[in-house]
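The file start-v4.tsv contains TSV, C-alpha atoms:
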```
chain	number	residue	atom	x	y	z
L	1	MET	CA	106.47	-73.51	14.49
L	2	ALA	CA	106.21	-72.16	10.96
L	3	PRO	CA	103.11	-73.21	9.01
L	4	GLU	CA	103.59	-76.00	6.49
L	5	ASN	CA	104.18	-74.93	2.89
L	6	THR	CA	101.39	-76.63	0.92
L	7	SER	CA	101.90	-74.84	-2.40
L	8	SER	CA	103.04	-78.01	-4.22
L	9	ARG	CA	99.80	-79.82	-3.38
L	10	GLU	CA	97.21	-77.10	-3.71
L	11	ILE	CA	95.13	-75.37	-6.37
L	12	VAL	CA	94.11	-71.75	-5.84
L	13	ILE	CA	91.67	-69.97	-8.16
L	14	THR	CA	90.59	-66.36	-7.62
L	15	ARG	CA	88.00	-64.21	-9.37
L	16	GLU	CA	86.45	-60.82	-8.70
L	17	TYR	CA	82.82	-59.86	-9.31
L	18	ASN	CA	80.96	-56.57	-9.47
L	19	ALA	CA	78.36	-57.85	-7.00
L	20	PRO	CA	77.76	-57.43	-3.25
L	21	ARG	CA	79.34	-60.07	-1.05
L	22	GLU	CA	75.94	-61.11	0.34
L	23	LEU	CA	74.69	-61.88	-3.18
L	24	VAL	CA	77.83	-63.85	-4.06
L	25	TRP	CA	77.49	-65.80	-0.81
L	26	GLU	CA	73.86	-66.61	-1.60
L	27	ALA	CA	74.74	-67.72	-5.15
L	28	MET	CA	77.45	-70.06	-3.83
L	29	THR	CA	75.53	-71.56	-0.90
L	30	ASN	CA	71.86	-71.79	-1.92
L	31	PRO	CA	71.30	-75.00	-3.93
L	32	LYS	CA	68.59	-73.25	-5.99
L	33	HIS	CA	71.37	-71.02	-7.32
L	34	VAL	CA	74.27	-73.48	-7.29
L	35	VAL	CA	72.54	-75.96	-9.60
L	36	ASN	CA	72.46	-73.28	-12.34
L	37	TRP	CA	76.21	-72.71	-12.59
L	38	TRP	CA	78.21	-75.36	-10.76
L	39	GLY	CA	80.76	-77.24	-12.86
L	40	PRO	CA	82.81	-76.63	-16.01
L	41	ARG	CA	81.12	-75.66	-19.26
L	42	GLY	CA	78.95	-78.40	-20.70
L	43	PHE	CA	78.35	-79.97	-17.29
L	44	LYS	CA	75.05	-80.16	-15.46
L	45	SER	CA	74.63	-80.83	-11.75
L	46	THR	CA	71.94	-82.40	-9.61
L	47	ILE	CA	72.04	-81.76	-5.87
L	48	GLU	CA	70.81	-84.40	-3.43
L	49	THR	CA	71.48	-82.28	-0.37
L	50	MET	CA	73.33	-79.09	0.55
L	51	ASP	CA	73.04	-78.69	4.32
L	52	LEU	CA	75.04	-75.53	4.99
L	53	ARG	CA	76.02	-75.95	8.63
L	54	GLU	CA	79.10	-77.25	10.39
L	55	GLY	CA	78.88	-81.02	10.04
L	56	GLY	CA	76.32	-80.75	7.25
L	57	GLU	CA	76.70	-82.67	4.00
L	58	TRP	CA	76.74	-81.56	0.36
L	59	LYS	CA	76.00	-84.41	-2.04
L	60	HIS	CA	75.77	-83.76	-5.75
L	61	VAL	CA	76.34	-85.47	-9.08
L	62	MET	CA	77.93	-83.70	-12.01
L	63	VAL	CA	77.14	-85.00	-15.50
L	64	GLY	CA	79.62	-84.31	-18.27
L	65	PRO	CA	78.81	-83.48	-21.91
L	66	ASP	CA	79.28	-87.17	-22.82
L	67	GLY	CA	76.90	-88.35	-20.09
L	68	THR	CA	79.60	-89.50	-17.67
L	69	LYS	CA	78.57	-89.07	-14.04
L	70	TYR	CA	80.82	-87.68	-11.31
L	71	PRO	CA	79.42	-88.29	-7.79
L	72	ASN	CA	80.69	-85.83	-5.15
L	73	HIS	CA	80.40	-85.75	-1.37
L	74	SER	CA	81.47	-82.89	0.90
L	75	VAL	CA	81.21	-82.23	4.64
L	76	PHE	CA	81.20	-78.62	5.89
L	77	LYS	CA	83.73	-78.09	8.68
L	78	LYS	CA	83.67	-74.34	9.37
L	79	ILE	CA	81.31	-71.57	8.24
L	80	VAL	CA	81.77	-67.87	8.93
L	81	LYS	CA	78.98	-66.09	7.06
L	82	PRO	CA	79.60	-64.26	4.73
L	83	GLU	CA	83.39	-64.54	4.87
L	84	MET	CA	84.53	-68.14	4.63
L	85	ILE	CA	83.55	-71.80	4.21
L	86	GLN	CA	85.79	-74.80	4.84
L	87	PHE	CA	84.87	-78.35	3.88
L	88	THR	CA	86.30	-81.73	3.06
L	89	HIS	CA	85.53	-83.05	-0.39
L	90	GLY	CA	85.61	-86.39	-2.15
L	91	GLY	CA	84.77	-86.99	-5.79
L	92	ARG	CA	85.33	-89.42	-8.62
L	93	ARG	CA	84.37	-90.39	-12.11
L	94	GLU	CA	81.70	-93.09	-11.86
L	95	GLY	CA	83.50	-96.41	-11.74
L	96	GLY	CA	86.89	-94.74	-11.25
L	97	PRO	CA	89.18	-94.06	-8.29
L	98	GLY	CA	88.26	-91.39	-5.77
L	99	VAL	CA	90.13	-88.16	-5.00
L	100	GLY	CA	89.84	-86.11	-1.82
L	101	PHE	CA	90.95	-82.67	-0.69
L	102	GLU	CA	90.25	-79.94	1.83
L	103	ALA	CA	88.65	-76.82	0.39
L	104	THR	CA	88.27	-73.25	1.55
L	105	TRP	CA	86.08	-70.62	-0.11
L	106	SER	CA	86.92	-67.06	0.93
L	107	PHE	CA	84.69	-64.06	0.25
L	108	GLU	CA	86.40	-60.66	0.45
L	109	ALA	CA	84.38	-57.45	0.16
L	110	LEU	CA	86.59	-55.11	-1.90
L	111	ALA	CA	83.84	-52.47	-2.03
L	112	PRO	CA	80.10	-52.43	-1.29
L	113	ASP	CA	79.41	-53.87	-4.76
L	114	ARG	CA	82.60	-55.78	-5.51
L	115	THR	CA	83.68	-59.15	-4.14
L	116	ARG	CA	86.74	-61.32	-4.50
L	117	VAL	CA	86.21	-65.09	-4.29
L	118	THR	CA	89.18	-67.37	-3.65
L	119	ALA	CA	88.77	-71.13	-3.94
L	120	ARG	CA	91.65	-73.08	-2.36
L	121	MET	CA	91.95	-76.87	-2.58
L	122	VAL	CA	94.67	-78.69	-0.64
L	123	PHE	CA	95.37	-82.33	-1.56
L	124	PRO	CA	97.03	-84.97	0.63
L	125	THR	CA	100.01	-85.19	-1.77
L	126	ALA	CA	101.45	-83.31	-4.73
L	127	GLU	CA	100.91	-86.45	-6.81
L	128	GLN	CA	97.17	-86.40	-6.14
L	129	ARG	CA	97.03	-82.71	-6.97
L	130	ASP	CA	98.82	-83.35	-10.26
L	131	PHE	CA	96.52	-86.30	-10.99
L	132	VAL	CA	93.32	-84.22	-10.85
L	133	VAL	CA	94.94	-81.48	-12.93
L	134	LYS	CA	95.89	-83.97	-15.65
L	135	GLU	CA	92.95	-86.38	-15.43
L	136	PHE	CA	90.08	-83.95	-14.80
L	137	GLY	CA	91.46	-80.59	-15.98
L	138	ALA	CA	90.87	-79.25	-12.47
L	139	ILE	CA	92.44	-75.83	-12.96
L	140	GLU	CA	90.67	-75.00	-16.20
L	141	GLY	CA	87.47	-76.57	-14.86
L	142	GLY	CA	87.67	-74.40	-11.75
L	143	LYS	CA	88.17	-71.26	-13.84
L	144	GLN	CA	85.19	-72.14	-16.03
L	145	THR	CA	83.04	-72.81	-12.96
L	146	LEU	CA	83.79	-69.36	-11.53
L	147	GLU	CA	83.13	-67.85	-14.98
L	148	ARG	CA	79.72	-69.49	-14.94
L	149	LEU	CA	79.13	-68.05	-11.47
L	150	GLY	CA	79.83	-64.60	-12.91
L	151	GLU	CA	77.24	-65.19	-15.63
L	152	HIS	CA	74.71	-66.31	-13.03
L	153	LEU	CA	75.37	-63.19	-10.96
L	154	ALA	CA	74.86	-61.04	-14.06
L	155	ARG	CA	71.41	-62.57	-14.53
L	156	ALA	CA	70.62	-61.93	-10.86
L	157	LEU	CA	71.62	-58.27	-11.05
L	158	CYS	CA	69.83	-57.26	-14.26
L	159	GLU	CA	66.87	-58.28	-16.40
L	160	PRO	CA	68.20	-59.20	-19.84
L	161	PHE	CA	67.24	-57.42	-23.00
L	162	VAL	CA	65.28	-59.98	-25.04
L	163	ILE	CA	64.19	-59.84	-28.67
L	164	SER	CA	62.78	-62.60	-30.87
L	165	ARG	CA	62.20	-62.90	-34.61
L	166	GLU	CA	60.79	-65.66	-36.80
L	167	PHE	CA	62.48	-66.30	-40.13
L	168	ALA	CA	61.04	-68.15	-43.13
L	169	ALA	CA	64.04	-70.46	-43.36
L	170	PRO	CA	65.10	-73.83	-41.91
L	171	ARG	CA	67.17	-73.79	-38.75
L	172	ASP	CA	70.27	-75.27	-40.40
L	173	LEU	CA	70.42	-72.38	-42.86
L	174	VAL	CA	69.84	-69.77	-40.15
L	175	TRP	CA	72.57	-71.41	-38.04
L	176	GLN	CA	74.97	-71.25	-40.99
L	177	ALA	CA	74.17	-67.57	-41.52
L	178	TRP	CA	74.93	-66.92	-37.85
L	179	THR	CA	78.14	-68.94	-37.66
L	180	GLU	CA	79.98	-68.75	-41.02
L	181	ARG	CA	82.20	-65.79	-41.82
L	182	ASP	CA	81.23	-65.31	-45.46
L	183	ARG	CA	77.55	-65.35	-44.60
L	184	LEU	CA	77.96	-62.99	-41.64
L	185	MET	CA	79.63	-60.47	-43.93
L	186	HIS	CA	76.33	-60.07	-45.82
L	187	TRP	CA	74.05	-59.08	-42.95
L	188	PHE	CA	75.61	-58.66	-39.50
L	189	GLY	CA	75.62	-55.24	-37.87
L	190	PRO	CA	73.40	-52.17	-37.65
L	191	LYS	CA	71.75	-50.88	-40.80
L	192	GLY	CA	74.11	-48.71	-42.81
L	193	VAL	CA	77.18	-49.98	-40.94
L	194	PRO	CA	78.50	-52.91	-43.02
L	195	LEU	CA	81.22	-55.35	-42.07
L	196	THR	CA	84.46	-54.70	-43.92
L	197	LYS	CA	86.85	-57.09	-42.17
L	198	ALA	CA	86.32	-60.24	-40.13
L	199	ASN	CA	88.23	-63.18	-38.72
L	200	LEU	CA	86.11	-66.05	-37.36
L	201	ASP	CA	87.23	-69.02	-35.26
L	202	PHE	CA	83.89	-70.61	-34.42
L	203	ARG	CA	84.42	-72.97	-31.48
L	204	PRO	CA	84.21	-72.77	-27.69
L	205	GLY	CA	87.18	-70.60	-26.77
L	206	GLY	CA	87.34	-69.14	-30.29
L	207	THR	CA	86.64	-65.57	-31.38
L	208	PHE	CA	84.97	-63.46	-34.02
L	209	HIS	CA	86.95	-60.24	-34.54
L	210	TYR	CA	85.34	-57.84	-36.96
L	211	CYS	CA	85.37	-54.28	-38.26
L	212	MET	CA	82.38	-52.19	-39.33
L	213	GLN	CA	82.45	-48.97	-41.32
L	214	THR	CA	80.27	-46.09	-40.19
L	215	PRO	CA	78.55	-43.82	-42.76
L	216	ASP	CA	81.25	-41.19	-42.27
L	217	GLY	CA	83.96	-43.72	-43.14
L	218	LYS	CA	85.28	-44.49	-39.65
L	219	GLU	CA	86.22	-47.97	-38.49
L	220	MET	CA	84.42	-49.51	-35.51
L	221	TRP	CA	85.78	-52.81	-34.19
L	222	GLY	CA	84.04	-55.51	-32.15
L	223	LYS	CA	84.83	-58.95	-30.84
L	224	PHE	CA	83.04	-62.10	-29.70
L	225	GLU	CA	84.49	-64.70	-27.33
L	226	TYR	CA	82.57	-67.95	-27.74
L	227	ARG	CA	81.92	-69.76	-24.45
L	228	GLU	CA	79.28	-72.40	-25.19
L	229	ILE	CA	78.10	-73.78	-28.55
L	230	GLU	CA	75.31	-76.36	-28.97
L	231	PRO	CA	74.75	-76.82	-32.73
L	232	PRO	CA	72.25	-75.88	-34.05
L	233	LYS	CA	70.41	-74.79	-30.90
L	234	ARG	CA	72.33	-72.30	-28.81
L	235	ILE	CA	75.35	-70.00	-28.63
L	236	LEU	CA	76.63	-68.25	-25.51
L	237	LEU	CA	79.34	-65.64	-25.94
L	238	ILE	CA	80.90	-62.51	-24.55
L	239	ASN	CA	80.96	-59.49	-26.85
L	240	TYR	CA	82.59	-56.10	-26.57
L	241	PHE	CA	83.89	-53.16	-28.54
L	242	SER	CA	87.45	-53.70	-29.65
L	243	ASP	CA	90.35	-52.31	-31.64
L	244	SER	CA	92.34	-53.62	-34.60
L	245	ALA	CA	94.60	-55.59	-32.23
L	246	GLY	CA	91.67	-57.37	-30.57
L	247	GLY	CA	91.78	-55.53	-27.24
L	248	VAL	CA	88.79	-54.49	-25.13
L	249	THR	CA	87.69	-50.88	-25.61
L	250	ARG	CA	84.84	-48.63	-24.53
L	251	HIS	CA	81.78	-47.90	-26.64
L	252	PRO	CA	82.91	-45.13	-29.03
L	253	PHE	CA	79.77	-43.09	-28.40
L	254	ALA	CA	78.77	-44.03	-24.83
L	255	ALA	CA	81.58	-44.11	-22.29
L	256	GLN	CA	79.44	-45.74	-19.59
L	257	TRP	CA	78.11	-48.54	-21.77
L	258	PRO	CA	78.98	-51.93	-20.17
L	259	LEU	CA	82.49	-52.99	-21.05
L	260	ARG	CA	81.44	-56.59	-21.67
L	261	MET	CA	78.09	-58.12	-22.58
L	262	LEU	CA	76.81	-61.66	-22.14
L	263	SER	CA	74.93	-62.73	-25.28
L	264	GLU	CA	72.81	-65.84	-25.71
L	265	SER	CA	71.19	-66.84	-29.01
L	266	ILE	CA	68.62	-69.65	-29.04
L	267	PHE	CA	67.43	-71.22	-32.31
L	268	THR	CA	64.13	-73.15	-32.49
L	269	GLU	CA	62.42	-74.59	-35.56
L	270	GLN	CA	58.78	-75.28	-36.32
L	271	ALA	CA	57.16	-76.11	-39.66
L	272	GLY	CA	60.27	-75.15	-41.60
L	273	LYS	CA	60.57	-71.74	-39.95
L	274	THR	CA	63.16	-70.67	-37.39
L	275	THR	CA	62.79	-68.40	-34.39
L	276	ILE	CA	65.83	-66.72	-32.91
L	277	THR	CA	65.54	-65.54	-29.33
L	278	PHE	CA	68.38	-63.21	-28.45
L	279	LYS	CA	69.21	-62.35	-24.84
L	280	TRP	CA	71.69	-59.64	-23.90
L	281	LEU	CA	72.84	-58.36	-20.52
L	282	PRO	CA	75.84	-56.64	-18.92
L	283	LEU	CA	78.55	-58.89	-17.51
L	284	ASP	CA	80.38	-57.85	-14.34
L	285	ALA	CA	79.04	-54.32	-14.76
L	286	THR	CA	79.31	-51.29	-12.50
L	287	ASP	CA	76.24	-49.44	-11.24
L	288	GLU	CA	76.75	-46.73	-13.86
L	289	GLU	CA	77.03	-49.32	-16.61
L	290	LEU	CA	73.83	-51.00	-15.45
L	291	LYS	CA	72.02	-47.65	-15.51
L	292	THR	CA	73.28	-46.94	-19.02
L	293	PHE	CA	72.11	-50.37	-20.15
L	294	GLU	CA	68.65	-49.81	-18.67
L	295	ALA	CA	68.36	-46.42	-20.35
L	296	GLY	CA	69.31	-47.91	-23.72
L	297	ARG	CA	66.64	-50.58	-24.08
L	298	GLY	CA	64.73	-48.60	-26.69
L	299	SER	CA	67.77	-48.08	-28.89
L	300	MET	CA	68.71	-51.76	-28.46
L	301	THR	CA	65.29	-52.78	-29.77
L	302	GLN	CA	65.68	-50.50	-32.76
L	303	GLY	CA	69.24	-51.63	-33.50
L	304	TRP	CA	68.59	-55.36	-33.27
L	305	ALA	CA	65.34	-55.08	-35.24
L	306	GLY	CA	67.33	-53.52	-38.06
L	307	THR	CA	69.97	-56.24	-37.88
L	308	PHE	CA	67.29	-58.93	-38.01
L	309	GLU	CA	65.75	-57.24	-41.05
L	310	GLN	CA	69.10	-57.55	-42.82
L	311	LEU	CA	69.31	-61.22	-41.83
L	312	ALA	CA	65.79	-61.84	-43.17
L	313	ALA	CA	66.71	-60.21	-46.48
L	314	TYR	CA	69.87	-62.32	-46.73
L	315	LEU	CA	68.03	-65.56	-45.95
L	316	ALA	CA	65.42	-64.80	-48.62
L	317	LYS	CA	68.20	-64.81	-51.21
L	318	ALA	CA	70.40	-67.59	-49.76
```

I'd like the structure from this file rewritten - as structure tokens, please.
Amino acid sequence: MAPENTSSREIVITREYNAPRELVWEAMTNPKHVVNWWGPRGFKSTIETMDLREGGEWKHVMVGPDGTKYPNHSVFKKIVKPEMIQFTHGGRREGGPGVGFEATWSFEALAPDRTRVTARMVFPTAEQRDFVVKEFGAIEGGKQTLERLGEHLARALCEPFVISREFAAPRDLVWQAWTERDRLMHWFGPKGVPLTKANLDFRPGGTFHYCMQTPDGKEMWGKFEYREIEPPKRILLINYFSDSAGGVTRHPFAAQWPLRMLSESIFTEQAGKTTITFKWLPLDATDEELKTFEAGRGSMTQGWAGTFEQLAAYLAKA
């Protein structure tokens, strides 16, 4: 008998990571890791239990950006470490109707340091599948959850570059300087490499596409992709070298520099002064890219110190 075609009542989301399968498995099955990335952007999760064995239960509550709670209960049915996990799942918005499905996580080792994760959810009916897509944004939420897993893996694979600087300016002004196009044009970038063009769409999912001019007159493009924004406290984004069309390109002077970087800026205020703590690390990087990043910590310190000096000078006049 031919297997049933379940395509009309399933959701399948796949993502690849430059990380060993054992590490990806650990990140997806150890509650100490899972609590740091599980759920769409803006969500936080608390885990009551995650008993990873056949017949074991996984109980957790997701809390949305507006404070709404989403209780979830799963039962693990089959576990083949580190290849596959099957479980039944039930979840709901607090006070709302419940939705159930059968889930399978598959872990495929594409290379010693590269893993493909496939999350497959099969619903009892196509109508229930369509309901969670419309009501809960299940497809986009699943994609964001696996994006957040990638960010967690990046932190596990590499110590971030961190630099902090205190500015004699209130946080609201510093935030504006960091997030408004006309203000960015005055200070952003390495010393001697001014911005000449910029297009800013400052929102989660938006971008900052800019062009800098090197001392010899050449154009050097870059781009931000904003992932999380918490005014006026925190910004999480992906940044990379780009071209005039907005594509992803390699570092013009270092071919093995990481293709994409995960950047987090944290803004704290005390006594009318603002401290920016900037964290930077490679995202989904190869071994060679990680080595290049490690070797470049000194130049990163020098470059960002110069950029912060330009910001300080701008804020003193703003």

Gap from CA of Glu219 (chain L) to CA of Leu290 (chain L) - Å, one decimal: 26.3 Å

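In terms of minimum interatomic distance to Phe188 (chain L), L:Met212 ranks closest within L:Ile276, L:Val174, L:Met212, L:Met62, counting all atoms listed in the file.
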
To one decimal in Å, tell me the separation between CA of Lys143 (chain L) and CA of Glu159 (chain L). 25.1 Å

Do a neighbour search on region 118-124 of chain L at 10 Å with only C-alpha atoms, toss out local chain neighbours closer than 5 positions, and write the hits as a PyMOL selection string. chain L and resi 6-16+84-89+99-108+129-130+132+142-143+146

So that I have them on file, write out the residues from the current selection with C-alpha atoms, as a compact mmCIF listing (two decimals), keeping the file's coordinate frame.
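Final output, part08.txt:
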```
# COMPACT_ATOMS: atom_id res chain seq x y z
CA THR L 6 101.39 -76.63 0.92
CA SER L 7 101.90 -74.84 -2.40
CA SER L 8 103.04 -78.01 -4.22
CA ARG L 9 99.80 -79.82 -3.38
CA GLU L 10 97.21 -77.10 -3.71
CA ILE L 11 95.13 -75.37 -6.37
CA VAL L 12 94.11 -71.75 -5.84
CA ILE L 13 91.67 -69.97 -8.16
CA THR L 14 90.59 -66.36 -7.62
CA ARG L 15 88.00 -64.21 -9.37
CA GLU L 16 86.45 -60.82 -8.70
CA MET L 84 84.53 -68.14 4.63
CA ILE L 85 83.55 -71.80 4.21
CA GLN L 86 85.79 -74.80 4.84
CA PHE L 87 84.87 -78.35 3.88
CA THR L 88 86.30 -81.73 3.06
CA HIS L 89 85.53 -83.05 -0.39
CA VAL L 99 90.13 -88.16 -5.00
CA GLY L 100 89.84 -86.11 -1.82
CA PHE L 101 90.95 -82.67 -0.69
CA GLU L 102 90.25 -79.94 1.83
CA ALA L 103 88.65 -76.82 0.39
CA THR L 104 88.27 -73.25 1.55
CA TRP L 105 86.08 -70.62 -0.11
CA SER L 106 86.92 -67.06 0.93
CA PHE L 107 84.69 -64.06 0.25
CA GLU L 108 86.40 -60.66 0.45
CA ARG L 129 97.03 -82.71 -6.97
CA ASP L 130 98.82 -83.35 -10.26
CA VAL L 132 93.32 -84.22 -10.85
CA GLY L 142 87.67 -74.40 -11.75
CA LYS L 143 88.17 -71.26 -13.84
CA LEU L 146 83.79 -69.36 -11.53
```

Just the residues within 10 Å of region 220-233 of chain L, please, counting all atoms listed in the file, with nothing from its chain fewer than 4 positions along; format it as a ChimeraX atom specification. /L:41-42,144,147-148,171-176,179,193,195-214,237-249,251-252,260-269,276

Please determine, counting only C-alpha atoms, which residue among L:Lys69, L:Lys218, L:Glu166, L:Asp287 has the shortest atom-to-atom distance to Lys273 (chain L). L:Glu166

Find the residues around His152 (chain L) up to 10 Å (all atoms listed in the file counted), leave out those fewer than 5 positions away in its own chain, and share them as a list of chain:residue names. L:Val24, L:Ala27, L:His33, L:Val34, L:Asn36, L:Trp37, L:Trp38, L:Leu146, L:Glu147, L:Leu157, L:Leu283

Atomic separation - CA of Met300 (chain L) relative to CA of Gly192 (chain L), Å: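 Between CA of Gly192 (chain L) and CA of Met300 (chain L) the gap is 15.6 Å.
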
Among L:Ile79, L:Ala305, L:Cys158, L:Ile139, Phe293 (chain L) is approached most closely, using all atoms listed in the file, by L:Cys158

Would you pick out the contacts of Leu315 (chain L) at 10 Å or less, using all atoms listed in the file, so that residues sharing its chain but fewer than 4 positions from it are not included, and give the list as a short mmCIF file (atom, residue, chain, number, x, y, z; two decimals) with C-alpha atoms, in the coordinates of the input?
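Saved result, out-v5.cif, follows:
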```cif
data_model
loop_
_atom_site.label_atom_id
_atom_site.label_comp_id
_atom_site.auth_asym_id
_atom_site.auth_seq_id
_atom_site.Cartn_x
_atom_site.Cartn_y
_atom_site.Cartn_z
CA PHE L 167 62.48 -66.30 -40.13
CA ALA L 168 61.04 -68.15 -43.13
CA ALA L 169 64.04 -70.46 -43.36
CA PRO L 170 65.10 -73.83 -41.91
CA LEU L 173 70.42 -72.38 -42.86
CA VAL L 174 69.84 -69.77 -40.15
CA ALA L 177 74.17 -67.57 -41.52
CA ARG L 183 77.55 -65.35 -44.60
CA HIS L 186 76.33 -60.07 -45.82
CA TRP L 187 74.05 -59.08 -42.95
CA GLU L 309 65.75 -57.24 -41.05
CA GLN L 310 69.10 -57.55 -42.82
CA LEU L 311 69.31 -61.22 -41.83
#
```

Taking the partial coordinates given, rebuild region 35-60 of chain L to contain N, CA and C atoms; return it as a compact mmCIF listing (two decimals), in the coordinates of the input.
```txt
# COMPACT_ATOMS: atom_id res chain seq x y z
N VAL L 35 72.84 -74.99 -8.54
CA VAL L 35 72.54 -75.96 -9.60
C VAL L 35 72.59 -75.31 -10.99
N ASN L 36 72.48 -73.98 -11.06
CA ASN L 36 72.46 -73.28 -12.34
C ASN L 36 73.85 -72.98 -12.90
N TRP L 37 74.90 -73.12 -12.08
CA TRP L 37 76.21 -72.71 -12.59
C TRP L 37 77.35 -73.65 -12.18
N TRP L 38 77.11 -74.56 -11.28
CA TRP L 38 78.21 -75.36 -10.76
C TRP L 38 78.77 -76.31 -11.83
N GLY L 39 80.09 -76.33 -11.95
CA GLY L 39 80.76 -77.24 -12.86
C GLY L 39 81.32 -76.55 -14.09
N PRO L 40 82.25 -77.20 -14.78
CA PRO L 40 82.81 -76.63 -16.01
C PRO L 40 81.74 -76.51 -17.09
N ARG L 41 82.07 -75.85 -18.17
CA ARG L 41 81.12 -75.66 -19.26
C ARG L 41 80.73 -77.02 -19.86
N GLY L 42 79.46 -77.16 -20.16
CA GLY L 42 78.95 -78.40 -20.70
C GLY L 42 78.48 -79.38 -19.65
N PHE L 43 78.78 -79.10 -18.39
CA PHE L 43 78.35 -79.97 -17.29
C PHE L 43 77.03 -79.50 -16.71
N LYS L 44 76.26 -80.45 -16.22
CA LYS L 44 75.05 -80.16 -15.46
C LYS L 44 75.18 -80.84 -14.10
N SER L 45 74.53 -80.28 -13.10
CA SER L 45 74.63 -80.83 -11.75
C SER L 45 73.25 -81.06 -11.16
N THR L 46 73.13 -82.15 -10.42
CA THR L 46 71.94 -82.40 -9.61
C THR L 46 72.40 -82.47 -8.15
N ILE L 47 71.65 -81.84 -7.27
CA ILE L 47 72.04 -81.76 -5.87
C ILE L 47 71.07 -82.59 -5.04
N GLU L 48 71.62 -83.58 -4.34
CA GLU L 48 70.81 -84.40 -3.43
C GLU L 48 70.56 -83.66 -2.13
N THR L 49 71.62 -83.06 -1.60
CA THR L 49 71.48 -82.28 -0.37
C THR L 49 72.61 -81.27 -0.31
N MET L 50 72.32 -80.10 0.28
CA MET L 50 73.33 -79.09 0.55
C MET L 50 72.96 -78.45 1.88
N ASP L 51 73.41 -79.07 2.95
CA ASP L 51 73.04 -78.69 4.32
C ASP L 51 74.15 -77.79 4.87
N LEU L 52 73.98 -76.49 4.67
CA LEU L 52 75.04 -75.53 4.99
C LEU L 52 75.08 -75.26 6.50
N ARG L 53 75.75 -76.12 7.20
CA ARG L 53 76.02 -75.95 8.63
C ARG L 53 77.25 -76.79 8.94
N GLU L 54 77.92 -76.48 10.02
CA GLU L 54 79.10 -77.25 10.39
C GLU L 54 78.68 -78.69 10.70
N GLY L 55 79.27 -79.63 9.95
CA GLY L 55 78.88 -81.02 10.04
C GLY L 55 77.87 -81.43 8.99
N GLY L 56 77.30 -80.45 8.29
CA GLY L 56 76.32 -80.75 7.25
C GLY L 56 76.98 -81.31 5.99
N GLU L 57 76.19 -82.03 5.19
CA GLU L 57 76.70 -82.67 4.00
C GLU L 57 76.24 -81.95 2.73
N TRP L 58 77.08 -82.04 1.70
CA TRP L 58 76.74 -81.56 0.36
C TRP L 58 76.99 -82.73 -0.58
N LYS L 59 75.90 -83.30 -1.10
CA LYS L 59 76.00 -84.41 -2.04
C LYS L 59 75.43 -83.98 -3.37
N HIS L 60 76.24 -84.12 -4.42
CA HIS L 60 75.77 -83.76 -5.75
C HIS L 60 76.43 -84.63 -6.80
```
